[in-house]
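Coordinates from start.tsv are shown below (TSV, C-alpha atoms).
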```tsv
chain	number	residue	atom	x	y	z
A	1	MET	CA	7.16	-14.46	-278.34
A	2	THR	CA	6.49	-17.89	-276.86
A	3	SER	CA	6.82	-18.74	-273.18
A	4	GLN	CA	9.96	-20.73	-274.00
A	5	GLN	CA	11.49	-17.72	-275.71
A	6	LEU	CA	10.47	-15.52	-272.81
A	7	LEU	CA	12.12	-17.81	-270.30
A	8	THR	CA	15.48	-17.59	-272.04
A	9	TYR	CA	15.81	-14.08	-270.60
A	10	PHE	CA	15.39	-15.40	-267.05
A	11	SER	CA	17.98	-17.35	-265.09
A	12	GLU	CA	18.11	-19.27	-261.86
A	13	LYS	CA	20.99	-17.00	-260.88
A	14	ARG	CA	18.65	-14.02	-261.15
A	15	PHE	CA	15.86	-15.58	-259.12
A	16	VAL	CA	15.33	-14.34	-255.54
A	17	ARG	CA	12.71	-16.22	-253.59
A	18	GLU	CA	12.60	-13.68	-250.79
A	19	LEU	CA	14.00	-10.20	-251.14
A	20	LYS	CA	15.62	-8.65	-248.08
A	21	ALA	CA	14.69	-5.13	-249.19
A	22	ARG	CA	11.98	-3.19	-247.40
A	23	SER	CA	11.91	-0.08	-249.61
A	24	LYS	CA	11.73	0.68	-253.31
A	25	ASP	CA	15.30	1.96	-253.52
A	26	SER	CA	16.73	-0.95	-251.58
A	27	ALA	CA	14.77	-3.42	-253.73
A	28	LEU	CA	16.19	-1.87	-256.89
A	29	LYS	CA	19.66	-1.97	-255.31
A	30	GLU	CA	19.32	-5.59	-254.23
A	31	MET	CA	18.24	-6.70	-257.67
A	32	THR	CA	20.87	-4.61	-259.41
A	33	GLU	CA	23.55	-6.14	-257.20
A	34	LEU	CA	22.23	-9.55	-258.17
A	35	LEU	CA	22.95	-8.76	-261.81
A	36	ALA	CA	26.37	-7.40	-260.88
A	37	ARG	CA	27.26	-10.53	-258.90
A	38	GLU	CA	26.57	-12.59	-261.98
A	39	ARG	CA	28.64	-10.17	-264.04
A	40	GLU	CA	25.65	-9.29	-266.16
A	41	VAL	CA	26.37	-5.56	-265.86
A	42	HIS	CA	29.66	-3.78	-265.71
A	43	ASP	CA	28.61	-0.97	-263.42
A	44	PRO	CA	25.71	-1.63	-261.04
A	45	GLN	CA	25.79	1.93	-259.69
A	46	LEU	CA	25.09	3.41	-263.13
A	47	LEU	CA	22.36	0.86	-263.72
A	48	LEU	CA	20.77	1.66	-260.36
A	49	GLU	CA	20.87	5.36	-261.13
A	50	MET	CA	19.23	4.77	-264.51
A	51	LEU	CA	16.45	2.72	-262.90
A	52	LYS	CA	15.81	5.33	-260.20
A	53	ARG	CA	15.58	8.03	-262.84
A	54	ARG	CA	13.10	5.92	-264.80
A	55	GLU	CA	10.99	5.74	-261.65
A	56	THR	CA	10.95	9.55	-261.61
A	57	LEU	CA	8.84	9.46	-264.79
A	58	GLY	CA	6.23	7.36	-263.03
A	59	SER	CA	6.35	4.28	-260.84
A	60	THR	CA	6.78	0.96	-262.60
A	61	GLY	CA	4.57	-0.53	-259.90
A	62	ILE	CA	1.63	-1.41	-262.14
A	63	GLY	CA	-0.69	-2.50	-259.37
A	64	LYS	CA	-1.92	-5.80	-257.89
A	65	GLY	CA	1.44	-6.30	-256.19
A	66	VAL	CA	3.54	-6.24	-259.36
A	67	ALA	CA	6.40	-3.93	-260.34
A	68	ILE	CA	8.41	-4.13	-263.54
A	69	PRO	CA	11.30	-1.65	-263.34
A	70	HIS	CA	12.94	-1.43	-266.73
A	71	GLY	CA	15.17	0.62	-268.97
A	72	ARG	CA	17.88	0.71	-271.58
A	73	THR	CA	21.48	1.30	-270.61
A	74	LEU	CA	25.06	0.94	-271.78
A	75	ALA	CA	25.69	-0.96	-268.56
A	76	THR	CA	24.55	-4.23	-270.10
A	77	GLY	CA	25.25	-5.94	-273.38
A	78	LYS	CA	22.27	-8.28	-273.31
A	79	LEU	CA	18.59	-8.16	-272.48
A	80	LYS	CA	18.10	-9.70	-269.02
A	81	VAL	CA	15.32	-10.27	-266.53
A	82	ALA	CA	15.72	-10.70	-262.78
A	83	PHE	CA	12.86	-11.85	-260.57
A	84	GLY	CA	12.47	-11.09	-256.89
A	85	ARG	CA	9.61	-11.75	-254.52
A	86	SER	CA	8.72	-10.22	-251.20
A	87	LYS	CA	6.00	-11.98	-249.25
A	88	LYS	CA	5.91	-9.08	-246.79
A	89	GLY	CA	5.54	-6.52	-249.56
A	90	ILE	CA	7.54	-3.42	-250.44
A	91	PRO	CA	6.20	0.15	-250.71
A	92	PHE	CA	6.79	1.04	-254.37
A	93	ASP	CA	4.54	4.05	-255.07
A	94	ALA	CA	2.49	1.67	-257.19
A	95	ILE	CA	-0.50	3.04	-259.08
A	96	ASP	CA	-2.90	1.36	-256.63
A	97	ASN	CA	-0.76	2.43	-253.63
A	98	GLU	CA	-0.52	-1.20	-252.56
A	99	PRO	CA	2.81	-2.81	-251.62
A	100	VAL	CA	4.63	-4.78	-254.29
A	101	HIS	CA	5.33	-8.50	-253.90
A	102	LEU	CA	6.55	-9.50	-257.35
A	103	ILE	CA	9.36	-7.58	-259.03
A	104	PHE	CA	10.61	-8.22	-262.53
A	105	LEU	CA	13.69	-6.14	-263.34
A	106	ILE	CA	14.36	-5.79	-267.06
A	107	VAL	CA	17.59	-4.28	-268.32
A	108	ALA	CA	18.21	-3.84	-272.01
A	109	PRO	CA	21.11	-2.62	-274.11
A	110	TYR	CA	20.55	0.29	-276.47
A	111	HIS	CA	21.05	-2.06	-279.36
A	112	ASP	CA	17.95	-4.12	-279.91
A	113	PRO	CA	18.24	-5.30	-283.52
A	114	LYS	CA	15.72	-8.09	-283.03
A	115	ASN	CA	13.26	-5.74	-281.32
A	116	GLU	CA	12.99	-7.88	-278.21
A	117	TYR	CA	12.76	-5.35	-275.38
A	118	LEU	CA	9.19	-4.06	-275.62
A	119	PRO	CA	7.69	-7.44	-276.63
A	120	LEU	CA	9.41	-8.99	-273.60
A	121	LEU	CA	8.01	-6.29	-271.35
A	122	GLY	CA	4.54	-6.82	-272.82
A	123	LYS	CA	4.74	-10.57	-272.42
A	124	ILE	CA	5.63	-10.32	-268.74
A	125	VAL	CA	2.73	-7.92	-268.19
A	126	GLU	CA	0.45	-10.38	-269.98
A	127	ALA	CA	1.72	-13.33	-267.93
A	128	VAL	CA	0.97	-11.68	-264.57
A	129	LYS	CA	-2.41	-10.17	-265.40
A	130	THR	CA	-4.47	-12.97	-263.82
A	131	ASP	CA	-5.00	-13.54	-260.11
A	132	THR	CA	-4.16	-17.19	-260.71
A	133	ALA	CA	-0.71	-16.42	-262.12
A	134	ARG	CA	0.10	-13.88	-259.41
A	135	ASP	CA	-1.07	-16.23	-256.65
A	136	ALA	CA	1.05	-19.01	-258.16
A	137	LEU	CA	4.08	-16.71	-258.31
A	138	MET	CA	3.60	-15.97	-254.62
A	139	GLN	CA	3.99	-19.69	-253.95
A	140	VAL	CA	7.00	-20.53	-256.14
A	141	ALA	CA	9.86	-22.11	-254.25
A	142	THR	CA	12.30	-22.74	-257.07
A	143	PHE	CA	13.25	-21.35	-260.43
A	144	GLU	CA	11.66	-24.40	-262.04
A	145	ASP	CA	8.38	-23.46	-260.36
A	146	LEU	CA	8.66	-19.97	-261.82
A	147	LYS	CA	9.15	-21.42	-265.29
A	148	SER	CA	6.10	-23.63	-264.85
A	149	VAL	CA	3.94	-20.67	-263.81
A	150	PHE	CA	4.98	-18.70	-266.88
A	151	SER	CA	4.46	-21.65	-269.22
A	152	GLU	CA	0.99	-22.17	-267.78
A	153	ALA	CA	0.07	-18.48	-267.77
A	154	LEU	CA	1.07	-17.97	-271.38
A	155	SER	CA	-0.43	-21.17	-272.74
A	156	SER	CA	-4.00	-20.32	-271.74
B	1	MET	CA	33.94	22.56	-258.70
B	2	SER	CA	37.08	21.03	-260.13
B	3	SER	CA	37.31	17.88	-262.22
B	4	GLN	CA	41.02	17.46	-261.47
B	5	LYS	CA	40.21	14.62	-259.12
B	6	LEU	CA	37.77	13.03	-261.56
B	7	SER	CA	39.22	10.09	-263.41
B	8	LEU	CA	38.50	9.44	-267.05
B	9	ALA	CA	36.18	6.60	-266.00
B	10	GLU	CA	34.20	9.02	-263.83
B	11	ARG	CA	33.94	11.51	-266.69
B	12	LEU	CA	32.68	8.75	-268.97
B	13	ASP	CA	30.20	7.69	-266.30
B	14	LYS	CA	28.82	11.24	-266.19
B	15	LEU	CA	28.32	11.17	-269.94
B	16	GLN	CA	26.63	7.80	-269.75
B	17	LEU	CA	24.26	9.01	-267.03
B	18	LEU	CA	23.46	12.05	-269.12
B	19	GLN	CA	22.72	9.86	-272.10
B	20	ASP	CA	20.51	7.54	-270.03
B	21	LEU	CA	18.57	10.64	-268.94
B	22	ASP	CA	18.25	11.87	-272.52
B	23	ILE	CA	16.98	8.48	-273.63
B	24	HIS	CA	14.38	8.37	-270.83
B	25	LEU	CA	13.23	11.86	-271.82
B	26	ARG	CA	13.14	11.09	-275.53
B	27	GLU	CA	11.13	7.92	-274.93
B	28	ALA	CA	8.77	9.72	-272.54
B	29	MET	CA	8.08	12.35	-275.18
B	30	ASP	CA	7.71	9.87	-278.05
B	31	PRO	CA	3.93	9.39	-278.46
B	32	LYS	CA	4.31	5.88	-279.88
B	33	PHE	CA	6.62	4.65	-277.12
B	34	ARG	CA	4.49	6.30	-274.49
B	35	GLN	CA	1.31	4.75	-275.84
B	36	THR	CA	2.95	1.31	-275.83
B	37	GLU	CA	4.03	1.72	-272.21
B	38	GLU	CA	0.64	3.07	-271.14
B	39	GLU	CA	-1.18	0.20	-272.86
B	40	MET	CA	0.92	-2.16	-270.74
B	41	GLY	CA	-0.15	-0.34	-267.57
B	42	PHE	CA	2.79	1.96	-266.94
B	43	VAL	CA	2.12	5.56	-266.09
B	44	ILE	CA	4.36	8.33	-267.40
B	45	SER	CA	3.31	11.58	-265.77
B	46	GLU	CA	3.90	15.10	-267.03
B	47	GLU	CA	5.11	15.93	-263.55
B	48	GLY	CA	7.62	13.08	-263.84
B	49	VAL	CA	8.86	14.34	-267.21
B	50	GLY	CA	9.31	17.80	-265.68
B	51	LYS	CA	11.24	16.39	-262.72
B	52	LEU	CA	13.50	14.36	-264.99
B	53	GLN	CA	14.12	17.37	-267.22
B	54	ALA	CA	15.10	19.34	-264.10
B	55	ILE	CA	17.57	16.59	-263.13
B	56	ARG	CA	18.99	16.74	-266.67
B	57	ASP	CA	19.32	20.52	-266.53
B	58	ARG	CA	21.00	20.35	-263.14
B	59	GLN	CA	23.48	17.74	-264.30
B	60	ALA	CA	24.31	19.78	-267.40
B	61	ALA	CA	24.72	22.93	-265.27
B	62	GLU	CA	27.13	21.12	-262.96
B	63	MET	CA	29.17	20.02	-265.94
B	64	LEU	CA	29.19	23.52	-267.40
B	65	ALA	CA	30.65	24.83	-264.15
B	66	ASP	CA	33.81	22.82	-264.68
B	67	GLU	CA	36.23	23.44	-267.54
B	68	THR	CA	36.96	19.80	-268.34
B	69	LEU	CA	33.39	18.61	-267.95
B	70	LYS	CA	32.17	21.56	-269.99
B	71	LYS	CA	34.31	20.35	-272.90
B	72	ASP	CA	33.01	16.81	-272.39
B	73	LEU	CA	29.42	18.08	-272.45
B	74	ARG	CA	29.99	20.14	-275.58
B	75	LEU	CA	31.55	17.15	-277.29
B	76	TYR	CA	28.55	15.04	-276.25
B	77	ASP	CA	26.09	17.64	-277.57
B	78	ARG	CA	28.00	17.98	-280.85
B	79	ILE	CA	27.99	14.23	-281.47
B	80	ARG	CA	24.27	14.05	-280.63
B	81	GLN	CA	23.59	16.39	-283.50
B	82	ARG	CA	24.84	13.67	-285.84
B	83	HIS	CA	23.95	10.49	-283.99
B	84	GLU	CA	20.99	9.36	-281.92
B	85	ARG	CA	23.40	8.30	-279.19
B	86	ALA	CA	26.70	10.03	-278.53
B	87	VAL	CA	28.09	7.38	-276.20
B	88	GLU	CA	28.52	3.79	-277.23
B	89	ARG	CA	30.04	0.67	-275.81
B	90	LEU	CA	33.24	-0.83	-277.03
B	91	ALA	CA	33.12	-4.60	-277.19
B	92	ASP	CA	36.16	-6.58	-278.29
B	93	LEU	CA	37.55	-3.33	-279.68
B	94	ILE	CA	34.47	-2.83	-281.86
B	95	CYS	CA	32.45	0.38	-281.62
B	96	LEU	CA	28.84	-0.75	-281.22
B	97	GLY	CA	27.67	2.45	-282.88
B	98	CYS	CA	29.20	1.77	-286.31
B	99	TRP	CA	30.84	-1.65	-285.87
B	100	ALA	CA	34.28	-0.34	-286.77
B	101	THR	CA	37.26	-2.01	-285.13
B	102	GLN	CA	39.31	0.37	-283.07
B	103	PRO	CA	43.10	0.30	-282.87
B	104	MET	CA	44.19	-0.39	-279.32
B	105	ALA	CA	47.12	2.00	-279.74
B	106	GLY	CA	44.79	4.91	-280.52
B	107	LEU	CA	42.61	4.20	-277.49
B	108	MET	CA	45.60	3.88	-275.20
B	109	LEU	CA	47.02	7.14	-276.50
B	110	ALA	CA	43.72	8.95	-275.82
B	111	ILE	CA	43.56	7.54	-272.31
B	112	LYS	CA	47.19	8.42	-271.64
B	113	ARG	CA	46.40	12.00	-272.57
B	114	GLY	CA	43.29	11.99	-270.38
B	115	ALA	CA	41.15	12.48	-273.48
B	116	ILE	CA	37.69	11.02	-273.98
B	117	PRO	CA	38.14	7.92	-276.18
B	118	ARG	CA	36.28	8.20	-279.47
B	119	CYS	CA	35.56	5.94	-282.40
B	120	GLU	CA	38.02	6.64	-285.19
B	121	ASN	CA	35.28	6.00	-287.74
B	122	CYS	CA	32.05	7.61	-286.46
B	123	GLY	CA	33.44	9.88	-283.73
B	124	ARG	CA	31.15	8.59	-281.00
B	125	ILE	CA	32.39	8.58	-277.43
B	126	LEU	CA	33.47	5.10	-276.42
B	127	HIS	CA	32.60	4.11	-272.90
B	128	TRP	CA	35.75	2.19	-272.23
B	129	THR	CA	38.68	2.40	-269.89
B	130	VAL	CA	41.54	0.04	-269.27
B	131	GLY	CA	40.65	-2.80	-266.97
B	132	ARG	CA	36.93	-2.26	-267.17
B	133	ASP	CA	34.86	-5.29	-267.99
B	134	HIS	CA	32.05	-5.16	-270.47
B	135	PRO	CA	29.64	-8.07	-270.28
```

Step by step, read the file and then write its structure as structure tokens.
Amino acid sequence: MTSQQLLTYFSEKRFVRELKARSKDSALKEMTELLAREREVHDPQLLLEMLKRRETLGSTGIGKGVAIPHGRTLATGKLKVAFGRSKKGIPFDAIDNEPVHLIFLIVAPYHDPKNEYLPLLGKIVEAVKTDTARDALMQVATFEDLKSVFSEALSS
Amino acid sequence: MSSQKLSLAERLDKLQLLQDLDIHLREAMDPKFRQTEEEMGFVISEEGVGKLQAIRDRQAAEMLADETLKKDLRLYDRIRQRHERAVERLADLICLGCWATQPMAGLMLAIKRGAIPRCENCGRILHWTVGRDHP
């Protein structure tokens, strides 16, 4: 998956420069509501419940200030990514116990005939693995900036 | 507990939540899926699997305590014996489980009777109610 392909799952409408949330649950809710506002999901409450239950298995806070909550659900018909940032940081039960600043929410339908879900998840993990990329994401002001960071991170 | 106040949409939502739980559990117990997630840095703990299984058991127990929901649960379990997923979306009157077009009249009749809508071809539960949008 190229960076251009990866970016097709993102949208300016699902880009939050500064999340209002101050807790894990409220962050998931805020980002779920973002998808609902854009009519990307038909029932945000069911999606939120699914995401919370996924967190029960183990936090999707993978450390270094990054969380990637994700899961499959009937609540969406298409694979989508929402991005939210919190400069203040949000407690997320991350594996390093550090607050999370960068959240990528991935929702996928059950049907994945092109096998896109896990490669997308892997690509986002790959893109944020360097300090440089994470620092750059902390500075993005616009959706275009976000796209540039991903293009750069995945080209090197 | 009585389901008399539960609408058909709420009953379908319960089945969807149950299916989401079952999918989480199946993925968590699939060594290949789990390895893929762990290689990416995600942690799936045994404690977490146990907690999720307890949530699943509790939800099933709640459904079994109600006559209508008990029937819904049994239907769900029966369909799962034949299909990986018992509940599917309906998009433009097409069941996304088997891609068969569904007659609107049949769906409306099921809903009028308060019955769980099902695909006329594969028998899966269709998560659909009148007026509900599906993106």

Could you name the residues that touch Met138 (chain A) at 9 Å or less, counting only C-alpha atoms, but leaving out those on the same chain fewer than 2 positions away, as a list in words?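 Contacts, with the query itself left out: Arg85, Ser86, Lys87, His101, Leu102, Ala133, Arg134, Asp135, Ala136, Val140 and Ala141 of chain A.
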
So which one's closest to Glu88 (chain B), B:Ala65, B:Val49, B:Ile111, B:Ala100? Using all atoms listed in the file, please.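 Selected residue with least distance to Glu88 (chain B): B:Ala100.
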
Counting all atoms listed in the file, which residues of chain A come no farther than 6 Å from chain B, as a PyMOL selection string? chain A and resi 40+42+56-58+60+62+77

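The interatomic distance for the pair CA of Asp112 (chain A) and CA of Arg34 (chain B) works out to 17.9 Å.
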
Rounded to one decimal in Å, what is the spacing between CA of Glu55 (chain A) and CA of Leu69 (chain B)? 26.6 Å

Pick from B:Met104, B:Arg113, B:Glu84, B:Leu73: nearest to Leu12 (chain B), with all atoms listed in the file counted? B:Leu73

When you look at Met63 (chain B) with a cut-off of 10 Å (counting only C-alpha atoms), what residues show up, excluding the ones that are within fewer than 3 positions of it in the same chain? I need them as a list in words.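 So the residues in contact are Met1, Ser2, Ser3, Arg11, Lys14, Leu15, Asp57, Arg58, Gln59, Ala60, Asp66, Glu67, Thr68, Leu69, Lys70, Lys71, Asp72, Leu73 and Arg74 of chain B.
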
What's the 9 Å shell around Ala127 (chain A), counting only C-alpha atoms, without same-chain residues fewer than 4 positions away, as a PDB file with C-alpha atoms, keeping the file's coordinate frame?
```pdb
ATOM      1  CA  GLY A 122       4.540  -6.820-272.820  1.00  0.00           C
ATOM      2  CA  LYS A 123       4.740 -10.570-272.420  1.00  0.00           C
ATOM      3  CA  ALA A 133      -0.710 -16.420-262.120  1.00  0.00           C
ATOM      4  CA  ARG A 134       0.100 -13.880-259.410  1.00  0.00           C
ATOM      5  CA  VAL A 149       3.940 -20.670-263.810  1.00  0.00           C
ATOM      6  CA  PHE A 150       4.980 -18.700-266.880  1.00  0.00           C
ATOM      7  CA  SER A 151       4.460 -21.650-269.220  1.00  0.00           C
ATOM      8  CA  GLU A 152       0.990 -22.170-267.780  1.00  0.00           C
ATOM      9  CA  ALA A 153       0.070 -18.480-267.770  1.00  0.00           C
ATOM     10  CA  LEU A 154       1.070 -17.970-271.380  1.00  0.00           C
TER      11      LEU A 154
END
```

Excluding same-chain residues fewer than 4 positions from region 16-21 of chain A, what lies within 9 Å of it counting all atoms listed in the file, as a list in words? Glu12, Asp25, Ser26, Ala27, Leu28, Lys29, Glu30, Met31, Leu34, Ala82, Phe83, Gly84, Arg85, Ser86, Lys87, Ile90, Val140, Ala141, Thr142 and Phe143 of chain A

Residue among A:Arg72, A:Lys129, A:Lys78, A:Lys13 lying closest to Arg53 (chain A), counting all atoms listed in the file: A:Arg72

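For the pair CA of Ile106 (chain A) and CA of Val81 (chain A), the interatomic distance is 4.6 Å.
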
What would region 106-124 of chain A look like with N, CA, C and O atoms restored, written as an mmCIF file, in the frame of the given file?
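Here's the written file part34.cif:
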```
data_model
loop_
_atom_site.group_PDB
_atom_site.id
_atom_site.type_symbol
_atom_site.label_atom_id
_atom_site.label_comp_id
_atom_site.auth_asym_id
_atom_site.auth_seq_id
_atom_site.Cartn_x
_atom_site.Cartn_y
_atom_site.Cartn_z
ATOM 1 N N ILE A 106 13.935 -5.557 -265.670
ATOM 2 C CA ILE A 106 14.360 -5.790 -267.060
ATOM 3 C C ILE A 106 15.405 -4.749 -267.429
ATOM 4 O O ILE A 106 15.144 -3.536 -267.338
ATOM 5 N N VAL A 107 16.572 -5.205 -267.828
ATOM 6 C CA VAL A 107 17.590 -4.280 -268.320
ATOM 7 C C VAL A 107 17.912 -4.646 -269.761
ATOM 8 O O VAL A 107 18.047 -5.814 -270.105
ATOM 9 N N ALA A 108 18.013 -3.609 -270.576
ATOM 10 C CA ALA A 108 18.210 -3.840 -272.010
ATOM 11 C C ALA A 108 19.342 -2.958 -272.530
ATOM 12 O O ALA A 108 19.511 -1.825 -272.067
ATOM 13 N N PRO A 109 20.105 -3.474 -273.478
ATOM 14 C CA PRO A 109 21.110 -2.620 -274.110
ATOM 15 C C PRO A 109 20.425 -1.652 -275.083
ATOM 16 O O PRO A 109 19.269 -1.868 -275.459
ATOM 17 N N TYR A 110 21.123 -0.615 -275.476
ATOM 18 C CA TYR A 110 20.550 0.290 -276.470
ATOM 19 C C TYR A 110 20.261 -0.454 -277.770
ATOM 20 O O TYR A 110 19.264 -0.225 -278.424
ATOM 21 N N HIS A 111 21.204 -1.322 -278.099
ATOM 22 C CA HIS A 111 21.050 -2.060 -279.360
ATOM 23 C C HIS A 111 20.022 -3.164 -279.198
ATOM 24 O O HIS A 111 20.175 -4.017 -278.348
ATOM 25 N N ASP A 112 19.005 -3.116 -280.003
ATOM 26 C CA ASP A 112 17.950 -4.120 -279.910
ATOM 27 C C ASP A 112 17.544 -4.496 -281.335
ATOM 28 O O ASP A 112 16.408 -4.269 -281.753
ATOM 29 N N PRO A 113 18.502 -5.067 -282.093
ATOM 30 C CA PRO A 113 18.240 -5.300 -283.520
ATOM 31 C C PRO A 113 17.074 -6.242 -283.781
ATOM 32 O O PRO A 113 16.412 -6.138 -284.803
ATOM 33 N N LYS A 114 16.831 -7.150 -282.831
ATOM 34 C CA LYS A 114 15.720 -8.090 -283.030
ATOM 35 C C LYS A 114 14.415 -7.571 -282.420
ATOM 36 O O LYS A 114 13.427 -8.301 -282.381
ATOM 37 N N ASN A 115 14.441 -6.350 -281.915
ATOM 38 C CA ASN A 115 13.260 -5.740 -281.320
ATOM 39 C C ASN A 115 12.633 -6.648 -280.252
ATOM 40 O O ASN A 115 11.478 -7.050 -280.346
ATOM 41 N N GLU A 116 13.434 -6.940 -279.238
ATOM 42 C CA GLU A 116 12.990 -7.880 -278.210
ATOM 43 C C GLU A 116 12.497 -7.200 -276.931
ATOM 44 O O GLU A 116 11.711 -7.785 -276.194
ATOM 45 N N TYR A 117 12.986 -5.988 -276.693
ATOM 46 C CA TYR A 117 12.760 -5.350 -275.380
ATOM 47 C C TYR A 117 11.280 -5.115 -275.071
ATOM 48 O O TYR A 117 10.751 -5.626 -274.080
ATOM 49 N N LEU A 118 10.596 -4.371 -275.925
ATOM 50 C CA LEU A 118 9.190 -4.060 -275.620
ATOM 51 C C LEU A 118 8.292 -5.297 -275.680
ATOM 52 O O LEU A 118 7.420 -5.467 -274.824
ATOM 53 N N PRO A 119 8.493 -6.206 -276.669
ATOM 54 C CA PRO A 119 7.690 -7.440 -276.630
ATOM 55 C C PRO A 119 7.903 -8.257 -275.354
ATOM 56 O O PRO A 119 6.955 -8.816 -274.806
ATOM 57 N N LEU A 120 9.138 -8.266 -274.855
ATOM 58 C CA LEU A 120 9.410 -8.990 -273.600
ATOM 59 C C LEU A 120 8.653 -8.344 -272.444
ATOM 60 O O LEU A 120 7.996 -9.034 -271.653
ATOM 61 N N LEU A 121 8.729 -7.033 -272.390
ATOM 62 C CA LEU A 121 8.010 -6.290 -271.350
ATOM 63 C C LEU A 121 6.509 -6.595 -271.419
ATOM 64 O O LEU A 121 5.865 -6.906 -270.410
ATOM 65 N N GLY A 122 5.972 -6.556 -272.624
ATOM 66 C CA GLY A 122 4.540 -6.820 -272.820
ATOM 67 C C GLY A 122 4.155 -8.234 -272.428
ATOM 68 O O GLY A 122 3.091 -8.467 -271.854
ATOM 69 N N LYS A 123 5.043 -9.165 -272.720
ATOM 70 C CA LYS A 123 4.740 -10.570 -272.420
ATOM 71 C C LYS A 123 4.710 -10.814 -270.915
ATOM 72 O O LYS A 123 3.886 -11.578 -270.412
ATOM 73 N N ILE A 124 5.623 -10.156 -270.201
ATOM 74 C CA ILE A 124 5.630 -10.320 -268.740
ATOM 75 C C ILE A 124 4.355 -9.704 -268.147
ATOM 76 O O ILE A 124 3.714 -10.297 -267.279
#
```
